[in-house]
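Data file: coords-v7.pdb. Format and content: PDB, C-alpha atoms, pLDDT in the B column.
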ATOM      1  CA  MET A  14    -152.921  68.790 163.323  1.00 51.00           C
ATOM      2  CA  PRO A  15    -151.291  65.615 164.687  1.00 57.00           C
ATOM      3  CA  LEU A  16    -153.569  62.823 165.883  1.00 55.00           C
ATOM      4  CA  ASP A  17    -154.145  62.859 169.635  1.00 63.00           C
ATOM      5  CA  THR A  18    -152.045  59.969 170.982  1.00 63.00           C
ATOM      6  CA  LYS A  19    -154.396  59.662 173.986  1.00 67.00           C
ATOM      7  CA  LYS A  20    -157.248  58.742 171.642  1.00 69.00           C
ATOM      8  CA  SER A  21    -155.343  56.555 169.222  1.00 77.00           C
ATOM      9  CA  ILE A  22    -153.282  53.391 169.029  1.00 79.00           C
ATOM     10  CA  ILE A  23    -150.045  52.726 167.174  1.00 83.00           C
ATOM     11  CA  MET A  24    -149.771  49.910 164.662  1.00 83.00           C
ATOM     12  CA  SER A  25    -146.576  47.979 165.415  1.00 86.00           C
ATOM     13  CA  CYS A  26    -146.227  46.811 161.811  1.00 88.00           C
ATOM     14  CA  CYS A  27    -145.982  50.255 160.175  1.00 88.00           C
ATOM     15  CA  SER A  28    -146.057  52.761 163.092  1.00 86.00           C
ATOM     16  CA  LYS A  29    -149.194  54.426 161.774  1.00 85.00           C
ATOM     17  CA  LEU A  30    -151.517  56.016 164.320  1.00 82.00           C
ATOM     18  CA  ILE A  31    -155.202  55.171 164.095  1.00 81.00           C
ATOM     19  CA  CYS A  32    -157.997  56.595 166.231  1.00 78.00           C
ATOM     20  CA  LYS A  33    -159.508  54.110 168.658  1.00 77.00           C
ATOM     21  CA  GLY A  34    -162.924  54.481 167.067  1.00 77.00           C
ATOM     22  CA  CYS A  35    -161.646  53.391 163.653  1.00 77.00           C
ATOM     23  CA  ALA A  36    -159.584  50.566 165.169  1.00 77.00           C
ATOM     24  CA  TYR A  37    -162.593  49.246 167.080  1.00 76.00           C
ATOM     25  CA  ALA A  38    -164.849  49.475 164.020  1.00 79.00           C
ATOM     26  CA  ASN A  39    -162.306  47.537 161.974  1.00 77.00           C
ATOM     27  CA  GLN A  40    -162.014  44.805 164.617  1.00 78.00           C
ATOM     28  CA  LYS A  41    -165.808  44.496 164.697  1.00 80.00           C
ATOM     29  CA  ARG A  42    -165.969  44.304 160.897  1.00 83.00           C
ATOM     30  CA  GLU A  43    -163.321  41.589 160.785  1.00 81.00           C
ATOM     31  CA  ALA A  44    -165.087  39.572 163.486  1.00 81.00           C
ATOM     32  CA  GLU A  45    -168.492  39.818 161.794  1.00 83.00           C
ATOM     33  CA  ARG A  46    -167.116  38.800 158.392  1.00 86.00           C
ATOM     34  CA  ARG A  47    -164.641  36.299 159.856  1.00 86.00           C
ATOM     35  CA  LEU A  48    -161.746  38.046 158.198  1.00 83.00           C
ATOM     36  CA  GLU A  49    -158.082  37.748 159.105  1.00 85.00           C
ATOM     37  CA  HIS A  50    -157.004  40.551 161.440  1.00 84.00           C
ATOM     38  CA  SER A  51    -154.841  42.947 159.455  1.00 85.00           C
ATOM     39  CA  CYS A  52    -153.530  46.505 159.562  1.00 83.00           C
ATOM     40  CA  LEU A  53    -155.785  49.134 157.989  1.00 79.00           C
ATOM     41  CA  PHE A  54    -152.745  50.855 156.486  1.00 82.00           C
ATOM     42  CA  CYS A  55    -150.188  48.311 155.289  1.00 84.00           C
ATOM     43  CA  ARG A  56    -152.587  45.312 155.263  1.00 84.00           C
ATOM     44  CA  LYS A  57    -150.070  43.090 157.039  1.00 86.00           C
ATOM     45  CA  PRO A  58    -151.510  40.495 159.459  1.00 84.00           C
ATOM     46  CA  THR A  59    -151.882  41.923 162.968  1.00 83.00           C
ATOM     47  CA  ALA A  60    -149.377  40.593 165.514  1.00 82.00           C
ATOM     48  CA  GLU A  61    -151.064  38.019 167.735  1.00 81.00           C
ATOM     49  CA  THR A  62    -148.498  37.936 170.543  1.00 87.00           C
ATOM     50  CA  ASP A  63    -146.461  40.501 172.466  1.00 84.00           C
ATOM     51  CA  GLU A  64    -143.301  38.895 171.079  1.00 89.00           C
ATOM     52  CA  GLU A  65    -144.444  39.384 167.476  1.00 90.00           C
ATOM     53  CA  CYS A  66    -145.451  42.940 168.287  1.00 88.00           C
ATOM     54  CA  ASP A  67    -142.033  43.686 169.787  1.00 88.00           C
ATOM     55  CA  LYS A  68    -140.263  42.277 166.712  1.00 91.00           C
ATOM     56  CA  GLN A  69    -142.345  44.447 164.390  1.00 91.00           C
ATOM     57  CA  ARG A  70    -141.740  47.495 166.569  1.00 90.00           C
ATOM     58  CA  MET A  71    -137.965  46.929 166.615  1.00 92.00           C
ATOM     59  CA  LYS A  72    -137.929  46.705 162.814  1.00 93.00           C
ATOM     60  CA  ARG A  73    -139.565  50.129 162.645  1.00 94.00           C
ATOM     61  CA  ILE A  74    -137.047  51.510 165.149  1.00 95.00           C
ATOM     62  CA  GLU A  75    -134.147  50.099 163.116  1.00 95.00           C
ATOM     63  CA  ALA A  76    -135.660  51.811 160.079  1.00 95.00           C
ATOM     64  CA  THR A  77    -135.501  55.096 162.059  1.00 95.00           C
ATOM     65  CA  ASP A  78    -139.258  55.563 161.942  1.00 95.00           C
ATOM     66  CA  PRO A  79    -139.902  58.748 164.001  1.00 96.00           C
ATOM     67  CA  VAL A  80    -143.212  57.477 165.404  1.00 94.00           C
ATOM     68  CA  ALA A  81    -141.640  54.188 166.501  1.00 95.00           C
ATOM     69  CA  LEU A  82    -138.690  56.051 168.010  1.00 97.00           C
ATOM     70  CA  THR A  83    -141.017  58.339 169.968  1.00 96.00           C
ATOM     71  CA  HIS A  84    -143.086  55.403 171.173  1.00 93.00           C
ATOM     72  CA  GLU A  85    -139.946  53.618 172.355  1.00 95.00           C
ATOM     73  CA  GLY A  86    -138.884  56.772 174.152  1.00 97.00           C
ATOM     74  CA  MET A  87    -142.183  56.702 176.023  1.00 95.00           C
ATOM     75  CA  GLN A  88    -141.628  53.076 176.968  1.00 93.00           C
ATOM     76  CA  GLN A  89    -138.181  53.927 178.335  1.00 96.00           C
ATOM     77  CA  CYS A  90    -139.688  56.763 180.392  1.00 95.00           C
ATOM     78  CA  LYS A  91    -142.066  54.272 181.995  1.00 93.00           C
ATOM     79  CA  LYS A  92    -138.977  52.296 183.053  1.00 95.00           C
ATOM     80  CA  ASP A  93    -137.393  55.501 184.404  1.00 95.00           C
ATOM     81  CA  ASP A  94    -134.576  55.094 181.866  1.00 97.00           C
ATOM     82  CA  TYR A  95    -134.544  58.761 180.908  1.00 96.00           C
ATOM     83  CA  CYS A  96    -131.120  58.663 179.257  1.00 96.00           C
ATOM     84  CA  SER A  97    -132.318  56.107 176.704  1.00 97.00           C
ATOM     85  CA  ALA A  98    -135.604  57.968 176.317  1.00 97.00           C
ATOM     86  CA  PHE A  99    -133.714  61.182 175.579  1.00 97.00           C
ATOM     87  CA  GLU A 100    -131.769  59.459 172.781  1.00 97.00           C
ATOM     88  CA  TYR A 101    -134.933  58.109 171.156  1.00 97.00           C
ATOM     89  CA  PHE A 102    -136.772  61.427 171.435  1.00 98.00           C
ATOM     90  CA  THR A 103    -133.791  63.310 170.032  1.00 98.00           C
ATOM     91  CA  LYS A 104    -133.601  61.058 166.963  1.00 98.00           C
ATOM     92  CA  ALA A 105    -137.352  61.370 166.402  1.00 98.00           C
ATOM     93  CA  ALA A 106    -137.293  65.155 166.856  1.00 98.00           C
ATOM     94  CA  GLU A 107    -134.502  65.458 164.301  1.00 98.00           C
ATOM     95  CA  LEU A 108    -136.885  63.717 161.896  1.00 97.00           C
ATOM     96  CA  GLY A 109    -139.597  66.265 162.678  1.00 96.00           C
ATOM     97  CA  ASN A 110    -141.851  64.370 165.093  1.00 96.00           C
ATOM     98  CA  VAL A 111    -143.826  66.963 167.077  1.00 96.00           C
ATOM     99  CA  HIS A 112    -144.589  64.587 169.959  1.00 96.00           C
ATOM    100  CA  ALA A 113    -140.850  63.958 170.383  1.00 97.00           C
ATOM    101  CA  HIS A 114    -140.203  67.699 170.484  1.00 98.00           C
ATOM    102  CA  TYR A 115    -142.825  68.043 173.210  1.00 98.00           C
ATOM    103  CA  ARG A 116    -141.330  65.199 175.252  1.00 97.00           C
ATOM    104  CA  LEU A 117    -137.874  66.747 175.003  1.00 98.00           C
ATOM    105  CA  ALA A 118    -139.311  70.040 176.233  1.00 98.00           C
ATOM    106  CA  CYS A 119    -140.763  68.217 179.242  1.00 97.00           C
ATOM    107  CA  MET A 120    -137.410  66.566 179.956  1.00 97.00           C
ATOM    108  CA  TYR A 121    -135.560  69.883 179.860  1.00 98.00           C
ATOM    109  CA  ASP A 122    -138.226  71.323 182.161  1.00 96.00           C
ATOM    110  CA  ASP A 123    -138.153  68.448 184.676  1.00 95.00           C
ATOM    111  CA  GLY A 124    -134.432  67.691 184.436  1.00 95.00           C
ATOM    112  CA  HIS A 125    -135.055  64.013 183.716  1.00 91.00           C
ATOM    113  CA  GLY A 126    -132.087  62.516 181.860  1.00 89.00           C
ATOM    114  CA  VAL A 127    -130.694  65.995 181.119  1.00 95.00           C
ATOM    115  CA  GLU A 128    -129.849  69.173 182.957  1.00 96.00           C
ATOM    116  CA  LYS A 129    -132.680  71.668 183.171  1.00 97.00           C
ATOM    117  CA  ASP A 130    -132.441  74.138 180.317  1.00 97.00           C
ATOM    118  CA  ARG A 131    -135.190  76.691 179.790  1.00 96.00           C
ATOM    119  CA  GLY A 132    -133.837  77.801 176.431  1.00 97.00           C
ATOM    120  CA  LYS A 133    -133.954  74.276 175.018  1.00 98.00           C
ATOM    121  CA  GLU A 134    -137.324  73.672 176.643  1.00 97.00           C
ATOM    122  CA  ILE A 135    -138.789  76.712 174.858  1.00 97.00           C
ATOM    123  CA  TYR A 136    -137.159  75.711 171.558  1.00 98.00           C
ATOM    124  CA  HIS A 137    -138.769  72.275 171.598  1.00 98.00           C
ATOM    125  CA  LEU A 138    -142.111  73.679 172.749  1.00 98.00           C
ATOM    126  CA  GLU A 139    -142.063  76.079 169.812  1.00 98.00           C
ATOM    127  CA  GLU A 140    -141.224  73.303 167.346  1.00 98.00           C
ATOM    128  CA  ALA A 141    -144.026  71.145 168.708  1.00 97.00           C
ATOM    129  CA  ALA A 142    -146.500  74.040 168.757  1.00 97.00           C
ATOM    130  CA  ILE A 143    -145.741  74.922 165.140  1.00 96.00           C
ATOM    131  CA  GLY A 144    -146.576  71.319 164.301  1.00 95.00           C
ATOM    132  CA  GLY A 145    -150.003  71.609 165.941  1.00 94.00           C
ATOM    133  CA  HIS A 146    -149.298  70.145 169.396  1.00 96.00           C
ATOM    134  CA  TYR A 147    -151.812  71.953 171.606  1.00 95.00           C
ATOM    135  CA  ASP A 148    -150.196  70.939 174.912  1.00 96.00           C
ATOM    136  CA  ALA A 149    -146.996  72.598 173.726  1.00 98.00           C
ATOM    137  CA  ARG A 150    -148.928  75.693 172.645  1.00 98.00           C
ATOM    138  CA  PHE A 151    -150.647  75.813 176.059  1.00 98.00           C
ATOM    139  CA  ASN A 152    -147.284  75.562 177.835  1.00 98.00           C
ATOM    140  CA  LEU A 153    -145.867  78.384 175.739  1.00 98.00           C
ATOM    141  CA  GLY A 154    -148.775  80.512 176.901  1.00 98.00           C
ATOM    142  CA  CYS A 155    -147.989  79.663 180.509  1.00 97.00           C
ATOM    143  CA  GLU A 156    -144.322  80.553 179.974  1.00 97.00           C
ATOM    144  CA  GLU A 157    -145.303  83.933 178.552  1.00 97.00           C
ATOM    145  CA  ALA A 158    -147.742  84.574 181.401  1.00 97.00           C
ATOM    146  CA  GLU A 159    -145.072  83.789 183.985  1.00 96.00           C
ATOM    147  CA  SER A 160    -142.824  86.326 182.246  1.00 95.00           C
ATOM    148  CA  GLY A 161    -145.567  88.943 182.394  1.00 96.00           C
ATOM    149  CA  ASN A 162    -146.309  88.842 178.659  1.00 97.00           C
ATOM    150  CA  ILE A 163    -150.057  88.344 179.042  1.00 97.00           C
ATOM    151  CA  GLU A 164    -150.949  89.520 175.540  1.00 96.00           C
ATOM    152  CA  ARG A 165    -148.644  86.922 173.967  1.00 97.00           C
ATOM    153  CA  ALA A 166    -149.882  84.289 176.410  1.00 98.00           C
ATOM    154  CA  VAL A 167    -153.457  84.941 175.367  1.00 98.00           C
ATOM    155  CA  LYS A 168    -152.575  84.509 171.689  1.00 98.00           C
ATOM    156  CA  HIS A 169    -151.042  81.099 172.428  1.00 98.00           C
ATOM    157  CA  TRP A 170    -154.075  80.014 174.447  1.00 98.00           C
ATOM    158  CA  ILE A 171    -156.497  81.115 171.739  1.00 98.00           C
ATOM    159  CA  ILE A 172    -154.653  78.984 169.202  1.00 97.00           C
ATOM    160  CA  ALA A 173    -154.563  76.000 171.582  1.00 97.00           C
ATOM    161  CA  ALA A 174    -158.255  76.442 172.377  1.00 97.00           C
ATOM    162  CA  THR A 175    -159.163  76.261 168.683  1.00 96.00           C
ATOM    163  CA  LEU A 176    -157.392  72.880 168.635  1.00 94.00           C
ATOM    164  CA  GLY A 177    -159.586  71.638 171.469  1.00 93.00           C
ATOM    165  CA  ASP A 178    -157.435  72.298 174.543  1.00 96.00           C
ATOM    166  CA  ASP A 179    -159.511  72.591 177.715  1.00 96.00           C
ATOM    167  CA  GLY A 180    -156.732  74.128 179.807  1.00 97.00           C
ATOM    168  CA  SER A 181    -156.437  77.075 177.451  1.00 98.00           C
ATOM    169  CA  ILE A 182    -160.150  77.780 177.759  1.00 98.00           C
ATOM    170  CA  ASN A 183    -159.759  77.878 181.542  1.00 97.00           C
ATOM    171  CA  GLU A 184    -156.885  80.360 181.259  1.00 98.00           C
ATOM    172  CA  LEU A 185    -158.808  82.552 178.818  1.00 98.00           C
ATOM    173  CA  MET A 186    -161.797  82.585 181.176  1.00 97.00           C
ATOM    174  CA  LYS A 187    -159.544  83.604 184.041  1.00 97.00           C
ATOM    175  CA  TYR A 188    -157.893  86.425 182.145  1.00 97.00           C
ATOM    176  CA  PHE A 189    -161.235  87.541 180.702  1.00 97.00           C
ATOM    177  CA  LYS A 190    -162.315  88.321 184.267  1.00 96.00           C
ATOM    178  CA  GLU A 191    -159.159  90.372 184.621  1.00 95.00           C
ATOM    179  CA  GLU A 192    -159.985  92.173 181.327  1.00 95.00           C
ATOM    180  CA  PHE A 193    -156.985  90.865 179.393  1.00 96.00           C
ATOM    181  CA  VAL A 194    -159.274  89.006 176.967  1.00 97.00           C
ATOM    182  CA  SER A 195    -162.085  90.729 175.081  1.00 96.00           C
ATOM    183  CA  LYS A 196    -165.622  89.395 175.075  1.00 97.00           C
ATOM    184  CA  ASP A 197    -165.490  88.834 171.303  1.00 97.00           C
ATOM    185  CA  ASP A 198    -162.165  86.963 171.447  1.00 97.00           C
ATOM    186  CA  LEU A 199    -163.413  84.723 174.236  1.00 97.00           C
ATOM    187  CA  ALA A 200    -166.659  83.985 172.405  1.00 98.00           C
ATOM    188  CA  ALA A 201    -164.758  83.112 169.227  1.00 97.00           C
ATOM    189  CA  ALA A 202    -162.372  80.868 171.158  1.00 97.00           C
ATOM    190  CA  LEU A 203    -165.265  79.082 172.865  1.00 97.00           C
ATOM    191  CA  ARG A 204    -166.991  78.423 169.530  1.00 97.00           C
ATOM    192  CA  ALA A 205    -163.814  77.146 167.907  1.00 97.00           C
ATOM    193  CA  HIS A 206    -163.012  74.975 170.929  1.00 97.00           C
ATOM    194  CA  GLN A 207    -166.473  73.405 170.904  1.00 96.00           C
ATOM    195  CA  ALA A 208    -166.207  72.739 167.173  1.00 95.00           C
ATOM    196  CA  ALA A 209    -162.850  71.008 167.673  1.00 92.00           C
ATOM    197  CA  VAL A 210    -164.230  68.877 170.519  1.00 89.00           C
ATOM    198  CA  ASP A 211    -167.376  67.969 168.565  1.00 89.00           C
ATOM    199  CA  ALA A 212    -165.270  66.918 165.586  1.00 84.00           C
ATOM    200  CA  THR A 213    -163.671  64.173 167.693  1.00 79.00           C
ATOM    201  CA  LYS A 214    -166.962  62.833 169.072  1.00 76.00           C
ATOM    202  CA  SER A 215    -169.146  60.060 167.690  1.00 73.00           C
ATOM    203  CA  PRO A 216    -171.160  57.179 169.151  1.00 72.00           C
ATOM    204  CA  GLN A 217    -168.619  54.799 167.602  1.00 71.00           C
ATOM    205  CA  ARG A 218    -165.692  56.495 169.339  1.00 70.00           C
ATOM    206  CA  GLU A 219    -167.483  56.539 172.684  1.00 72.00           C
ATOM    207  CA  VAL A 220    -168.058  52.769 172.462  1.00 71.00           C
ATOM    208  CA  ALA A 221    -164.419  52.306 171.454  1.00 67.00           C
ATOM    209  CA  GLU A 222    -163.172  54.372 174.411  1.00 70.00           C
ATOM    210  CA  GLU A 223    -165.169  52.199 176.807  1.00 74.00           C
ATOM    211  CA  TYR A 224    -163.900  49.022 175.107  1.00 67.00           C
ATOM    212  CA  TYR A 225    -160.226  49.999 175.309  1.00 64.00           C
ATOM    213  CA  ARG A 226    -160.627  51.319 178.840  1.00 70.00           C
ATOM    214  CA  ASP A 227    -162.037  47.953 179.962  1.00 68.00           C
ATOM    215  CA  LEU A 228    -159.269  46.166 178.072  1.00 63.00           C
ATOM    216  CA  GLU A 229    -156.568  48.166 179.839  1.00 65.00           C
ATOM    217  CA  GLN A 230    -158.113  47.418 183.221  1.00 67.00           C
ATOM    218  CA  GLN A 231    -158.127  43.699 182.451  1.00 64.00           C
ATOM    219  CA  GLN A 232    -154.426  43.845 181.563  1.00 59.00           C
ATOM    220  CA  CYS A 233    -153.481  45.579 184.827  1.00 52.00           C
TER     221      CYS A 233
END

Take the structure in the file and write it out as structure tokens.
Amino acid sequence: MPLDTKKSIIMSCCSKLICKGCAYANQKREAERRLEHSCLFCRKPTAETDEECDKQRMKRIEATDPVALTHEGMQQCKKDDYCSAFEYFTKAAELGNVHAHYRLACMYDDGHGVEKDRGKEIYHLEEAAIGGHYDARFNLGCEEAESGNIERAVKHWIIAATLGDDGSINELMKYFKEEFVSKDDLAAALRAHQAAVDATKSPQREVAEEYYRDLEQQQC
């Protein structure tokens, strides 16, 4: 299962994703031992300025790193440059990045940078879902439900729920009331969902979330 990008940060030096809890713990360790700030993966010194960070990121993009390409696509979306974003996502998707596949699906759904195309949207959702992207799996369930294929929709939502997706649990609860989901299937999905959520929780991660949330507010 791919690391949740909402709960992780990307290292500009090597494009590795690290959960915020681990990143915070490493920063604390370095501060306490007065160590040089370095990447947990490649051990290179951490960029100290935005300019250094941008240079490192561009090197990864030039090396056609799929994570760096996807990240740059996201940055272009924030600038409303959807044509450039589409190019970056396409390159990353060709290299198998599931997050890029999901972003392309969203673009084909919204019509940002490309013409709306349901067939291509579904294709990229399927590729992302196969790679463990639970938002993509949830969306596939919604697509099936809209087409009247409730049984297939439920199967998608059960899979997404086991990966920790809250939206899928809500849909399963709704269709349980309409008797499309059995009591046993719902109970199993709820247990698996809770296990997935619990696996991402720890006191360390909660402290890290608060730290990075405060940091983002200071930068605004």

Distance CA of Leu108 (chain A)-CA of Gly177 (chain A), one decimal place?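 Straight-line distance from CA of Leu108 (chain A) to CA of Gly177 (chain A) works out to 25.9 Å.
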
Residues near region 55-68 of chain A, cut-off 9 Å, only C-alpha atoms, skip fewer than 4 positions along chain, as an MDAnalysis selection string: chainID A and resid 24:27 29 49:51 72:73

Starting from the PyMOL selection byres ((chain A and resi 127-133) around 12), expand the selection into actual residues of this file and give them as number ranges by chain. A: 94-100, 103, 114-126, 134-140, 153, 156

Determine, counting only C-alpha atoms, which protein, DNA and RNA residues have an atom within 12 Å of an atom of Ala36 (chain A); residues of the same chain fewer than 4 positions away are not included. Present the result as a count of residues only. 26

Given the choices A:Met71, A:Leu48, A:Ala158, A:Leu176, which gets closest to Ala142 (chain A) if the distance is worked out from all atoms listed in the file?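 Closest residue, counting all atoms listed in the file: A:Leu176.
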
Selection result of the PyMOL selection byres ((chain A and resi 184) around 12) on this file, as JSON, numbers by chain: {"A": [151, 152, 154, 155, 158, 163, 166, 167, 168, 169, 170, 171, 173, 174, 178, 179, 180, 181, 182, 183, 185, 186, 187, 188, 189, 190, 191, 193, 194, 199, 202, 203]}

Size and centre in Å, one decimal, axis-aligned box, all listed region 106-114 of chain A atoms plus 8 Å per side, as lines of an AutoDock Vina configuration file:
center_x = -139.5
center_y = 65.7
center_z = 166.2
size_x = 26.1
size_y = 20.0
size_z = 24.6

Please indicate the distance in Å from CA of Gln207 (chain A) to CA of Gly145 (chain A), rounded to one decimal place. 17.3 Å
